[in-house]
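Here is the file start.cif (mmCIF, C-alpha atoms).
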```cif
data_run
loop_
_atom_site.label_atom_id
_atom_site.label_comp_id
_atom_site.auth_asym_id
_atom_site.auth_seq_id
_atom_site.Cartn_x
_atom_site.Cartn_y
_atom_site.Cartn_z
CA MET V 1 -4.32 -16.70 0.32
CA LEU V 2 -4.18 -13.11 1.53
CA THR V 3 -1.59 -12.99 4.30
CA LYS V 4 -1.62 -11.02 7.52
CA ARG V 5 0.92 -8.21 7.39
CA ILE V 6 3.72 -7.42 9.81
CA ILE V 7 4.54 -3.72 9.55
CA ALA V 8 7.74 -2.21 10.89
CA CYS V 9 7.28 1.33 12.18
CA LEU V 10 10.03 3.94 12.36
CA ASP V 11 9.26 6.88 14.65
CA VAL V 12 11.49 9.71 13.46
CA THR V 13 12.41 13.16 14.62
CA GLY V 14 14.99 15.43 13.00
CA GLY V 15 15.93 12.67 10.55
CA ARG V 16 16.68 10.02 13.23
CA VAL V 17 14.65 7.03 14.39
CA VAL V 18 13.67 7.19 18.05
CA LYS V 19 11.59 5.05 20.34
CA GLY V 20 9.54 6.11 23.33
CA VAL V 21 7.34 4.45 25.88
CA GLN V 22 3.70 5.56 26.00
CA PHE V 23 4.50 8.50 23.70
CA GLN V 24 7.40 9.75 25.93
CA GLN V 25 11.04 9.03 26.98
CA LEU V 26 12.76 9.03 23.57
CA ARG V 27 15.85 6.95 22.79
CA ASP V 28 17.91 7.04 19.55
CA ALA V 29 17.39 3.91 17.43
CA GLY V 30 19.31 4.70 14.22
CA ASP V 31 19.15 5.92 10.62
CA PRO V 32 15.72 5.55 8.94
CA GLY V 33 17.13 4.50 5.54
CA GLU V 34 19.32 1.79 7.05
CA LEU V 35 16.60 0.52 9.37
CA ALA V 36 13.96 0.45 6.62
CA ALA V 37 16.27 -1.60 4.37
CA ALA V 38 17.12 -3.95 7.24
CA HIS V 39 13.44 -4.50 8.07
CA SER V 40 12.61 -5.13 4.42
CA ALA V 41 15.43 -7.68 4.16
CA ALA V 42 14.24 -9.39 7.35
CA GLY V 43 10.75 -9.84 5.88
CA ALA V 44 8.73 -6.78 6.90
CA ASP V 45 5.63 -6.57 4.71
CA GLU V 46 5.53 -2.79 4.88
CA VAL V 47 7.38 0.08 6.45
CA VAL V 48 5.70 3.02 8.15
CA LEU V 49 7.63 6.18 8.98
CA LEU V 50 5.97 8.43 11.55
CA ASP V 51 7.33 11.89 12.21
CA ILE V 52 6.84 12.52 15.90
CA SER V 53 8.71 15.85 15.93
CA ALA V 54 7.39 18.30 18.44
CA SER V 55 8.93 21.32 16.70
CA HIS V 56 8.46 22.87 13.29
CA GLU V 57 12.26 22.99 12.73
CA LYS V 58 12.68 19.27 13.15
CA ARG V 59 9.67 18.55 10.95
CA ALA V 60 11.22 20.55 8.09
CA THR V 61 13.57 17.63 7.42
CA LEU V 62 10.71 15.17 6.80
CA VAL V 63 10.64 15.31 3.00
CA ASP V 64 14.38 14.72 2.82
CA THR V 65 14.12 11.83 5.29
CA VAL V 66 11.30 10.29 3.22
CA ARG V 67 13.35 10.56 0.05
CA ARG V 68 16.38 8.91 1.65
CA THR V 69 14.28 6.15 3.17
CA ALA V 70 12.28 5.43 0.00
CA LYS V 71 15.34 5.21 -2.22
CA GLN V 72 16.11 1.53 -1.75
CA LEU V 73 12.71 0.38 -0.51
CA PHE V 74 10.57 -1.77 -2.84
CA ILE V 75 7.78 -2.69 -0.45
CA PRO V 76 4.85 -0.44 0.52
CA PHE V 77 5.98 2.68 2.34
CA THR V 78 3.65 4.83 4.45
CA VAL V 79 4.52 8.23 5.91
CA GLY V 80 2.63 10.04 8.62
CA GLY V 81 2.95 12.55 11.41
CA GLY V 82 2.23 16.23 11.12
CA ILE V 83 0.80 16.18 7.58
CA ARG V 84 -1.86 18.88 7.71
CA THR V 85 -2.62 19.91 4.14
CA LEU V 86 -2.97 18.45 0.66
CA ASP V 87 0.21 20.29 -0.38
CA GLU V 88 2.20 18.70 2.44
CA ALA V 89 0.82 15.31 1.42
CA ILE V 90 1.81 15.93 -2.21
CA ALA V 91 5.40 16.74 -1.16
CA VAL V 92 5.61 13.49 0.79
CA PHE V 93 4.16 11.43 -2.10
CA ASP V 94 6.61 13.07 -4.51
CA ALA V 95 9.47 12.11 -2.19
CA GLY V 96 8.49 8.43 -2.53
CA ALA V 97 5.69 7.58 -0.09
CA ASP V 98 3.04 5.15 -1.37
CA LYS V 99 0.51 5.97 1.31
CA ILE V 100 0.17 8.75 3.82
CA SER V 101 -1.26 8.49 7.27
CA ILE V 102 -3.20 11.39 8.74
CA ASN V 103 -4.49 11.76 12.28
CA SER V 104 -4.98 15.17 13.93
CA ALA V 105 -5.45 16.94 10.60
CA ALA V 106 -8.22 14.52 9.63
CA LEU V 107 -9.94 15.05 12.99
CA ALA V 108 -9.75 18.82 12.51
CA ASP V 109 -10.88 18.69 8.89
CA PRO V 110 -12.23 15.30 7.73
CA SER V 111 -12.54 16.57 4.13
CA LEU V 112 -8.75 16.18 3.89
CA ILE V 113 -9.29 12.40 3.67
CA THR V 114 -11.44 12.83 0.57
CA ARG V 115 -9.20 15.42 -1.03
CA ILE V 116 -6.08 13.25 -0.78
CA GLY V 117 -8.08 10.19 -1.86
CA ASP V 118 -9.44 11.93 -4.93
CA ARG V 119 -5.93 12.72 -6.08
CA TYR V 120 -4.03 9.54 -5.15
CA GLY V 121 -6.76 6.93 -4.71
CA SER V 122 -8.26 5.89 -1.39
CA GLN V 123 -5.71 3.06 -1.04
CA ALA V 124 -3.14 5.83 -0.46
CA VAL V 125 -4.92 7.35 2.55
CA ILE V 126 -4.60 5.78 5.98
CA VAL V 127 -6.44 7.37 8.86
CA ALA V 128 -4.48 6.86 12.08
CA ILE V 129 -6.45 6.83 15.31
CA ASP V 130 -4.86 7.10 18.75
CA ALA V 131 -7.33 5.42 21.08
CA LYS V 132 -7.53 5.48 24.85
CA ARG V 133 -9.80 3.42 27.05
CA VAL V 134 -12.40 5.49 28.86
CA GLY V 135 -15.09 4.47 31.29
CA GLY V 136 -18.69 4.09 30.30
CA ALA V 137 -20.44 2.97 27.13
CA ALA V 138 -18.18 4.96 24.78
CA GLY V 139 -15.38 2.46 25.42
CA PHE V 140 -12.56 4.22 23.60
CA GLU V 141 -11.87 7.88 22.87
CA ALA V 142 -9.84 9.29 19.96
CA TYR V 143 -6.93 11.58 20.90
CA SER V 144 -5.22 14.15 18.70
CA GLY V 145 -1.87 15.94 18.83
CA GLY V 146 0.21 12.79 19.24
CA GLY V 147 -1.88 11.56 22.14
CA ARG V 148 -1.95 14.88 23.99
CA ASN V 149 -5.51 16.07 23.40
CA PRO V 150 -8.75 14.22 24.07
CA THR V 151 -11.24 14.92 21.27
CA GLY V 152 -14.41 13.69 22.92
CA ARG V 153 -15.03 11.48 19.87
CA GLY V 154 -15.75 7.79 20.19
CA VAL V 155 -13.31 5.67 18.21
CA VAL V 156 -15.99 3.52 16.53
CA GLU V 157 -17.92 6.50 15.26
CA TRP V 158 -14.75 8.24 14.03
CA ALA V 159 -13.47 5.11 12.26
CA ARG V 160 -16.81 4.76 10.45
CA GLU V 161 -16.72 8.39 9.36
CA ALA V 162 -13.14 8.00 8.13
CA GLU V 163 -14.21 4.99 6.06
CA LYS V 164 -17.20 6.86 4.64
CA ARG V 165 -14.96 9.74 3.62
CA GLY V 166 -12.67 7.42 1.69
CA ALA V 167 -9.95 6.14 4.02
CA GLY V 168 -8.29 3.04 2.57
CA GLU V 169 -7.13 1.62 5.91
CA ILE V 170 -7.29 2.40 9.62
CA LEU V 171 -4.09 2.47 11.69
CA LEU V 172 -5.35 1.92 15.20
CA THR V 173 -2.98 2.61 18.11
CA SER V 174 -3.79 1.72 21.68
CA MET V 175 -2.29 4.54 23.76
CA ASP V 176 -2.65 2.40 26.86
CA ARG V 177 -0.44 -0.34 25.40
CA ASP V 178 1.98 1.70 23.24
CA GLY V 179 5.60 0.79 23.91
CA THR V 180 4.77 -1.56 26.79
CA GLY V 181 5.15 -4.86 24.94
CA ALA V 182 2.25 -6.07 27.09
CA GLY V 183 0.22 -7.23 24.08
CA PHE V 184 -2.10 -5.48 21.63
CA ASP V 185 -5.50 -4.31 22.82
CA CYS V 186 -7.53 -7.07 21.16
CA ASP V 187 -10.88 -5.72 22.38
CA LEU V 188 -10.23 -2.36 20.77
CA THR V 189 -8.95 -3.93 17.55
CA CYS V 190 -11.88 -6.32 17.29
CA VAL V 191 -14.47 -3.60 17.86
CA ILE V 192 -13.05 -1.46 15.05
CA SER V 193 -12.39 -4.37 12.71
CA GLU V 194 -16.07 -5.31 12.97
CA ALA V 195 -17.24 -1.70 12.61
CA VAL V 196 -15.59 -1.02 9.24
CA ARG V 197 -15.13 -2.89 5.94
CA ILE V 198 -11.59 -1.57 5.30
CA PRO V 199 -8.40 -3.17 6.64
CA VAL V 200 -7.39 -2.42 10.23
CA ILE V 201 -3.74 -2.21 11.29
CA ALA V 202 -3.30 -2.86 15.01
CA SER V 203 -0.59 -0.93 16.83
CA GLY V 204 0.65 -0.50 20.37
CA GLY V 205 1.74 -3.26 22.71
CA GLY V 206 3.21 -5.85 20.34
CA GLY V 207 5.55 -8.10 22.28
CA ASP V 208 5.85 -11.88 22.19
CA THR V 209 4.63 -14.14 19.39
CA GLN V 210 1.44 -14.90 21.29
CA SER V 211 0.52 -11.19 21.31
CA PHE V 212 0.61 -11.21 17.50
CA ILE V 213 -1.37 -14.46 17.30
CA ASP V 214 -3.98 -12.92 19.61
CA VAL V 215 -4.38 -9.70 17.63
CA PHE V 216 -4.80 -11.59 14.34
CA GLN V 217 -7.21 -14.19 15.74
CA ARG V 218 -9.10 -12.54 18.60
CA GLY V 219 -8.58 -8.95 17.42
CA GLN V 220 -9.32 -9.77 13.75
CA ALA V 221 -6.54 -7.40 12.68
CA ASP V 222 -5.48 -7.42 9.03
CA ALA V 223 -2.01 -6.20 9.92
CA ALA V 224 0.03 -5.58 13.05
CA LEU V 225 2.53 -2.79 13.47
CA ALA V 226 5.43 -2.66 15.88
CA ALA V 227 8.57 -0.62 16.34
CA SER V 228 10.76 -1.07 19.38
CA ILE V 229 10.68 -4.85 19.43
CA PHE V 230 12.35 -4.79 16.00
CA HIS V 231 14.84 -1.90 16.38
CA PHE V 232 16.65 -3.10 19.44
CA GLY V 233 17.09 -6.66 18.28
CA LEU V 234 14.81 -7.97 21.01
CA ARG V 235 13.23 -10.09 18.38
CA HIS V 236 14.22 -10.73 14.85
CA LEU V 237 11.34 -10.06 12.49
CA ALA V 238 12.07 -13.18 10.46
CA ASP V 239 11.76 -15.40 13.55
CA LEU V 240 8.44 -13.80 14.42
CA LYS V 241 7.02 -14.44 10.93
CA GLN V 242 8.18 -18.03 10.97
CA GLU V 243 6.63 -18.66 14.38
CA LEU V 244 3.36 -17.05 13.32
CA GLN V 245 3.24 -19.21 10.21
CA THR V 246 3.86 -22.32 12.31
CA ALA V 247 0.96 -21.22 14.51
CA GLY V 248 -1.33 -21.17 11.46
CA ILE V 249 -1.40 -17.43 10.75
CA PRO V 250 -1.07 -16.88 6.98
CA MET V 251 2.24 -15.08 6.43
CA ARG V 252 4.33 -14.00 3.47
CA TRP V 253 7.00 -16.43 4.43
CA PRO V 254 9.55 -17.28 3.14
CA CYS V 255 9.82 -14.08 1.17
CA MET G 256 13.15 4.17 -24.08
CA ILE G 257 10.17 3.11 -21.96
CA ALA G 258 7.35 5.64 -21.75
CA VAL G 259 5.55 5.62 -18.41
CA VAL G 260 2.22 7.19 -19.30
CA ASP G 261 1.18 10.03 -17.01
CA TYR G 262 -2.56 10.63 -16.98
CA ARG G 263 -2.76 12.39 -13.61
CA ALA G 264 -3.95 9.31 -11.75
CA GLY G 265 -1.80 8.62 -8.77
CA ASN G 266 1.81 8.40 -8.00
CA LEU G 267 4.52 7.50 -10.50
CA THR G 268 7.52 7.94 -8.18
CA SER G 269 7.63 4.30 -7.04
CA VAL G 270 7.35 2.89 -10.56
CA MET G 271 10.15 5.15 -11.80
CA LYS G 272 12.35 4.28 -8.83
CA ALA G 273 11.91 0.53 -9.47
CA LEU G 274 12.61 0.90 -13.19
CA ASP G 275 15.75 2.83 -12.39
CA HIS G 276 16.77 0.08 -9.96
CA VAL G 277 16.52 -2.62 -12.66
CA GLY G 278 18.59 -0.45 -15.00
CA ALA G 279 15.79 0.49 -17.42
CA GLU G 280 15.79 3.74 -19.33
CA ALA G 281 12.37 5.20 -18.70
CA ALA G 282 10.67 8.57 -18.75
CA VAL G 283 7.31 9.82 -17.55
CA SER G 284 5.32 11.32 -20.39
CA ASP G 285 1.91 12.78 -21.14
CA ASP G 286 2.88 13.63 -24.72
CA PRO G 287 1.06 11.47 -27.33
CA ASP G 288 3.97 11.80 -29.78
CA VAL G 289 6.47 10.47 -27.25
CA VAL G 290 4.16 7.61 -26.25
CA ALA G 291 3.45 6.64 -29.87
CA LYS G 292 7.18 6.36 -30.60
CA ALA G 293 8.29 4.66 -27.37
CA ASP G 294 10.04 1.27 -27.44
CA LYS G 295 7.82 0.05 -24.62
CA ILE G 296 4.87 1.43 -22.73
CA ILE G 297 3.94 1.16 -19.08
CA LEU G 298 0.47 2.30 -18.04
CA PRO G 299 0.37 2.55 -14.27
CA GLY G 300 -2.73 3.45 -12.35
CA VAL G 301 -4.02 3.34 -8.84
CA GLY G 302 -7.02 5.55 -9.39
CA HIS G 303 -10.54 5.04 -10.64
CA PHE G 304 -11.38 3.21 -13.88
CA SER G 305 -13.01 6.42 -15.14
CA SER G 306 -9.76 8.39 -14.82
CA THR G 307 -8.80 6.66 -18.04
CA THR G 308 -11.14 9.11 -19.79
CA THR G 309 -8.24 11.54 -19.27
CA LEU G 310 -6.20 9.27 -21.57
CA GLU G 311 -8.88 9.58 -24.21
CA ARG G 312 -9.04 13.36 -24.00
CA ALA G 313 -5.28 13.81 -24.06
CA GLY G 314 -4.94 11.71 -27.21
CA LEU G 315 -2.99 9.11 -25.26
CA ARG G 316 -5.36 6.25 -26.01
CA ALA G 317 -4.74 6.62 -29.74
CA ALA G 318 -1.00 6.98 -29.11
CA ILE G 319 -0.95 3.75 -27.08
CA GLN G 320 -2.89 1.97 -29.86
CA ARG G 321 -0.40 3.16 -32.46
CA ALA G 322 2.59 1.97 -30.41
CA VAL G 323 0.98 -1.40 -29.77
CA GLU G 324 0.11 -1.88 -33.45
CA ARG G 325 3.79 -1.25 -34.18
CA GLY G 326 4.57 -4.16 -31.83
CA ALA G 327 5.83 -2.17 -28.82
CA PRO G 328 5.43 -4.23 -25.61
CA PHE G 329 2.78 -2.82 -23.25
CA LEU G 330 2.51 -3.34 -19.49
CA GLY G 331 -0.60 -2.21 -17.62
CA ILE G 332 -0.36 -2.06 -13.84
CA CYS G 333 -3.41 -2.23 -11.52
CA VAL G 334 -6.13 -0.09 -13.16
CA GLY G 335 -3.79 -0.03 -16.16
CA MET G 336 -4.38 -3.78 -16.48
CA GLN G 337 -8.12 -3.50 -15.87
CA TRP G 338 -8.28 -1.00 -18.70
CA MET G 339 -7.12 -3.77 -21.11
CA PHE G 340 -10.56 -5.34 -20.63
CA GLU G 341 -13.85 -4.14 -22.14
CA SER G 342 -15.32 -2.35 -19.15
CA SER G 343 -15.60 -2.16 -15.37
CA GLU G 344 -18.46 -2.14 -12.91
CA GLU G 345 -16.59 0.76 -11.30
CA ALA G 346 -17.43 3.07 -14.20
CA PRO G 347 -20.38 1.81 -16.25
CA GLY G 348 -20.35 3.24 -19.77
CA VAL G 349 -16.62 4.02 -19.77
CA PRO G 350 -15.03 1.78 -22.41
CA GLY G 351 -11.74 0.05 -21.75
CA LEU G 352 -9.25 -0.73 -24.49
CA GLY G 353 -11.14 -3.98 -25.10
CA TRP G 354 -8.05 -6.02 -25.94
CA LEU G 355 -9.33 -8.73 -23.61
CA PRO G 356 -12.92 -9.93 -23.21
CA GLY G 357 -14.99 -9.30 -20.12
CA GLU G 358 -15.82 -6.80 -17.42
CA CYS G 359 -13.95 -6.06 -14.18
CA GLY G 360 -16.19 -6.50 -11.16
CA ARG G 361 -16.41 -5.81 -7.45
CA PHE G 362 -15.33 -8.23 -4.73
CA PRO G 363 -18.17 -10.05 -2.93
CA LYS G 364 -19.80 -7.85 -0.28
CA ASP G 365 -18.89 -10.10 2.66
CA LEU G 366 -15.18 -9.49 2.10
CA LYS G 367 -13.10 -6.59 3.26
CA SER G 368 -12.42 -4.28 0.36
CA PRO G 369 -10.04 -3.06 -0.95
CA HIS G 370 -8.06 -6.28 -1.20
CA VAL G 371 -4.88 -4.97 0.43
CA GLY G 372 -1.72 -6.88 1.14
CA TRP G 373 0.47 -9.73 0.00
CA ASN G 374 -1.25 -12.63 -1.73
CA SER G 375 0.18 -15.66 -3.54
CA LEU G 376 0.11 -16.35 -7.25
CA ALA G 377 -0.57 -19.44 -9.31
CA CYS G 378 1.59 -18.80 -12.37
CA ASP G 379 1.63 -20.26 -15.87
CA HIS G 380 5.22 -21.25 -16.48
CA ARG G 381 5.03 -20.49 -20.19
CA SER G 382 4.65 -16.81 -19.34
CA ARG G 383 7.54 -14.57 -20.37
CA LEU G 384 6.73 -12.09 -17.63
CA PHE G 385 6.93 -14.74 -14.90
CA ARG G 386 10.09 -16.42 -16.09
CA GLY G 387 11.89 -17.69 -12.98
CA ILE G 388 8.99 -16.82 -10.66
CA PRO G 389 7.66 -19.95 -8.94
CA SER G 390 3.97 -20.46 -8.19
CA GLY G 391 3.24 -19.51 -4.60
CA SER G 392 5.32 -16.32 -4.83
CA PHE G 393 3.82 -13.38 -2.97
CA VAL G 394 3.10 -9.97 -4.48
CA TYR G 395 1.46 -6.82 -3.15
CA PHE G 396 -2.11 -5.93 -4.14
CA THR G 397 -4.32 -2.97 -3.40
CA HIS G 398 -7.57 -2.80 -5.40
CA SER G 399 -11.35 -2.85 -5.04
CA TYR G 400 -12.20 -4.29 -8.47
CA ARG G 401 -10.86 -7.39 -10.16
CA ALA G 402 -10.54 -8.72 -13.67
CA PRO G 403 -12.01 -12.10 -14.63
CA VAL G 404 -9.90 -15.14 -15.46
CA VAL G 405 -9.68 -15.28 -19.27
CA GLY G 406 -7.66 -17.14 -21.93
CA ALA G 407 -4.83 -14.60 -21.60
CA THR G 408 -4.55 -15.07 -17.81
CA VAL G 409 -1.03 -16.18 -16.85
CA ALA G 410 -1.28 -15.73 -13.07
CA ARG G 411 -4.32 -16.27 -10.89
CA CYS G 412 -4.96 -15.08 -7.37
CA GLU G 413 -7.62 -16.06 -4.84
CA TYR G 414 -9.68 -13.59 -2.81
CA GLY G 415 -13.37 -14.43 -2.66
CA GLY G 416 -12.89 -16.46 -5.84
CA GLU G 417 -10.20 -16.46 -8.49
CA PHE G 418 -9.31 -13.41 -10.49
CA SER G 419 -6.64 -12.45 -13.02
CA ALA G 420 -3.45 -11.37 -11.27
CA ALA G 421 -1.66 -11.13 -14.62
CA VAL G 422 -2.49 -11.37 -18.31
CA GLU G 423 -0.28 -11.86 -21.33
CA GLU G 424 -1.15 -11.97 -25.01
CA GLY G 425 1.54 -11.41 -27.60
CA GLN G 426 3.25 -8.15 -26.65
CA LEU G 427 0.46 -7.11 -24.29
CA PHE G 428 1.01 -7.64 -20.56
CA GLY G 429 -0.92 -6.63 -17.48
CA VAL G 430 -0.50 -7.11 -13.73
CA GLN G 431 -3.15 -6.37 -11.11
CA PHE G 432 -0.57 -6.24 -8.34
CA HIS G 433 2.18 -3.65 -7.90
CA PRO G 434 5.52 -5.08 -9.09
CA GLU G 435 7.24 -1.88 -7.94
CA LYS G 436 6.09 -2.65 -4.36
CA SER G 437 6.49 -6.43 -4.39
CA GLY G 438 10.08 -6.73 -3.26
CA ALA G 439 12.55 -8.92 -5.16
CA VAL G 440 9.75 -10.83 -6.96
CA GLY G 441 8.27 -7.63 -8.36
CA LEU G 442 11.64 -6.25 -9.46
CA LYS G 443 12.33 -9.49 -11.32
CA ILE G 444 9.01 -9.23 -13.17
CA LEU G 445 9.77 -5.62 -14.16
CA GLU G 446 13.22 -6.70 -15.29
CA SER G 447 11.67 -9.40 -17.50
CA PHE G 448 9.37 -6.84 -19.12
CA CYS G 449 12.19 -4.36 -19.65
CA GLY G 450 14.33 -7.09 -21.22
CA LEU G 451 11.74 -8.07 -23.87
#
```

Represent the supplied structure as structure tokens.
Amino acid sequence: MLTKRIIACLDVTGGRVVKGVQFQQLRDAGDPGELAAAHSAAGADEVVLLDISASHEKRATLVDTVRRTAKQLFIPFTVGGGIRTLDEAIAVFDAGADKISINSAALADPSLITRIGDRYGSQAVIVAIDAKRVGGAAGFEAYSGGGRNPTGRGVVEWAREAEKRGAGEILLTSMDRDGTGAGFDCDLTCVISEAVRIPVIASGGGGDTQSFIDVFQRGQADAALAASIFHFGLRHLADLKQELQTAGIPMRWPC
Amino acid sequence: MIAVVDYRAGNLTSVMKALDHVGAEAAVSDDPDVVAKADKIILPGVGHFSSTTTLERAGLRAAIQRAVERGAPFLGICVGMQWMFESSEEAPGVPGLGWLPGECGRFPKDLKSPHVGWNSLACDHRSRLFRGIPSGSFVYFTHSYRAPVVGATVARCEYGGEFSAAVEEGQLFGVQFHPEKSGAVGLKILESFCGL
């Protein structure tokens, strides 16, 4: 049976893992290579590394960070954050990424999805969407620039376009829940999961076991991504997987 | 030396990294002479079934056939395994190697596709590739087309019906999943192939 995936996310800047709350207030959380290996050993089904660097100088270290992180990692490894061109994507793939995640660059030029997909296969292209609740019928709006800029685009419509252009998966982050541990936005996740035929990774708000059960059952997520709850030892990933399996969620466990 | 055939379809970094980890001596090559003389051949692939036409043009198909006729073990990964069959719905009219009977087909329309993630295997314990791998082990898949269950199937997987997760016939091996991305289980399978 196809299992639901638990994905450990490393937010990095200048070669270090950091964690913020609602896209701000950064704290140091360790070395990406060491953390990736620790997550893999604890049972993470995938590792995502997101470069959240605000400056060009800090971003210049990304390829080296990817190479170091990929070295001892034998589970799927996704890299995202600040990848704007096919050439930048190629450098990240060459350094050992299996998939790349694009967000603002795809919003600015959706043909990038197709161009990366044509070269590496659509399974290698994840379109990340930062979604914020808005009033009215639109429901959720897509933001670019690491959650700084409203785009005016509805999340459902953008997710469908991303799929049509060849995205292999959608990484859907609730900006309202990010870093709060208050639970995933199951309404958001469910709406997108029903709107597209490709897998949806829910992100933002993961906390207790029940929040993961909810996003897999009510939110119909194919995978759930979390960062801070794993880095700071608030919850051991292995315990989470075991509890989810006991609750009837298909897990790769033991692994 | 293991030749990892490069036909400009996807990313070979992960496969090379995993082979290095299990202590195999391997090199990426798009040179038909190198491939024809290799001790073993790995044909990776995450692209489209039709990208195998590049193999044809580059003379690599004939080189692979020569190596296999010599008895060199062959491992196809993902599309590399699908190419061992006669054809695929993904690229009508593009012939596969035809070592195994049947056509690769799409997943049923009511399922999410691609089939992405960790799924469990039902393994045939006589398989050399799956030596020491118990049934129920999880491996990582990412694919939109699937190969039918045939006589050479040594591992089955379930997603909208059963399909071939691995095939084995003589010195010919194929895996639909990605052993290089399947943690300790995948590394063990690669190690078994490299040790043949």

Sphere at (-18.5, -3.1, 9.1), radius 12 Å, counting only C-alpha atoms: residues as number ranges by chain: V: 156-157, 159-161, 163-164, 190-200; G: 364-368

Reference answer for the PyMOL selection byres ((chain V and resi 87-104) around 9), as a PyMOL selection string: (chain V and resi 48+50+62-71+76-86+105-109+112-113+116+120+123-130+143-146+170-171) or (chain G and resi 266-269+272+436)

Neighbour list for V:Ile201 as a ChimeraX atom specification, cut-off 6 Å, only C-alpha atoms, skip fewer than 3 positions in-chain: /V:171-172,222-224

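Our summary of the geometry notes that atom CA of V:Asn149 is positioned 29.7 Å from atom CA of V:Arg119.
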
Distance-based interface of chain G with chain V, 10 Å, counting only C-alpha atoms, as number ranges by chain: G: 263-273, 276, 300-303, 364-376, 391-399, 412-415, 433-442

Please produce a file of the residues just selected, as a short mmCIF file (atom, residue, chain, number, x, y, z; two decimals), in the coordinates of the input, where the atoms kept are C-alpha atoms.
```cif
data_model
loop_
_atom_site.label_atom_id
_atom_site.label_comp_id
_atom_site.auth_asym_id
_atom_site.auth_seq_id
_atom_site.Cartn_x
_atom_site.Cartn_y
_atom_site.Cartn_z
CA ARG G 263 -2.76 12.39 -13.61
CA ALA G 264 -3.95 9.31 -11.75
CA GLY G 265 -1.80 8.62 -8.77
CA ASN G 266 1.81 8.40 -8.00
CA LEU G 267 4.52 7.50 -10.50
CA THR G 268 7.52 7.94 -8.18
CA SER G 269 7.63 4.30 -7.04
CA VAL G 270 7.35 2.89 -10.56
CA MET G 271 10.15 5.15 -11.80
CA LYS G 272 12.35 4.28 -8.83
CA ALA G 273 11.91 0.53 -9.47
CA HIS G 276 16.77 0.08 -9.96
CA GLY G 300 -2.73 3.45 -12.35
CA VAL G 301 -4.02 3.34 -8.84
CA GLY G 302 -7.02 5.55 -9.39
CA HIS G 303 -10.54 5.04 -10.64
CA LYS G 364 -19.80 -7.85 -0.28
CA ASP G 365 -18.89 -10.10 2.66
CA LEU G 366 -15.18 -9.49 2.10
CA LYS G 367 -13.10 -6.59 3.26
CA SER G 368 -12.42 -4.28 0.36
CA PRO G 369 -10.04 -3.06 -0.95
CA HIS G 370 -8.06 -6.28 -1.20
CA VAL G 371 -4.88 -4.97 0.43
CA GLY G 372 -1.72 -6.88 1.14
CA TRP G 373 0.47 -9.73 0.00
CA ASN G 374 -1.25 -12.63 -1.73
CA SER G 375 0.18 -15.66 -3.54
CA LEU G 376 0.11 -16.35 -7.25
CA GLY G 391 3.24 -19.51 -4.60
CA SER G 392 5.32 -16.32 -4.83
CA PHE G 393 3.82 -13.38 -2.97
CA VAL G 394 3.10 -9.97 -4.48
CA TYR G 395 1.46 -6.82 -3.15
CA PHE G 396 -2.11 -5.93 -4.14
CA THR G 397 -4.32 -2.97 -3.40
CA HIS G 398 -7.57 -2.80 -5.40
CA SER G 399 -11.35 -2.85 -5.04
CA CYS G 412 -4.96 -15.08 -7.37
CA GLU G 413 -7.62 -16.06 -4.84
CA TYR G 414 -9.68 -13.59 -2.81
CA GLY G 415 -13.37 -14.43 -2.66
CA HIS G 433 2.18 -3.65 -7.90
CA PRO G 434 5.52 -5.08 -9.09
CA GLU G 435 7.24 -1.88 -7.94
CA LYS G 436 6.09 -2.65 -4.36
CA SER G 437 6.49 -6.43 -4.39
CA GLY G 438 10.08 -6.73 -3.26
CA ALA G 439 12.55 -8.92 -5.16
CA VAL G 440 9.75 -10.83 -6.96
CA GLY G 441 8.27 -7.63 -8.36
CA LEU G 442 11.64 -6.25 -9.46
#
```

Within 9 Å of stretch 311-324 of chain G using all atoms listed in the file, minus same-chain residues under 6 positions, as a JSON list (two decimals) with C-alpha atoms, keeping the file's coordinate frame:
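Saved result, around.json, follows:
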```json
[["chain", "number", "residue", "atom", "x", "y", "z"],
["G", 260, "VAL", "CA", 2.22, 7.19, -19.30],
["G", 262, "TYR", "CA", -2.56, 10.63, -16.98],
["G", 285, "ASP", "CA", 1.91, 12.78, -21.14],
["G", 286, "ASP", "CA", 2.88, 13.63, -24.72],
["G", 287, "PRO", "CA", 1.06, 11.47, -27.33],
["G", 288, "ASP", "CA", 3.97, 11.80, -29.78],
["G", 289, "VAL", "CA", 6.47, 10.47, -27.25],
["G", 290, "VAL", "CA", 4.16, 7.61, -26.25],
["G", 291, "ALA", "CA", 3.45, 6.64, -29.87],
["G", 292, "LYS", "CA", 7.18, 6.36, -30.60],
["G", 293, "ALA", "CA", 8.29, 4.66, -27.37],
["G", 294, "ASP", "CA", 10.04, 1.27, -27.44],
["G", 295, "LYS", "CA", 7.82, 0.05, -24.62],
["G", 296, "ILE", "CA", 4.87, 1.43, -22.73],
["G", 352, "LEU", "CA", -9.25, -0.73, -24.49],
["G", 426, "GLN", "CA", 3.25, -8.15, -26.65],
["G", 427, "LEU", "CA", 0.46, -7.11, -24.29]]
```
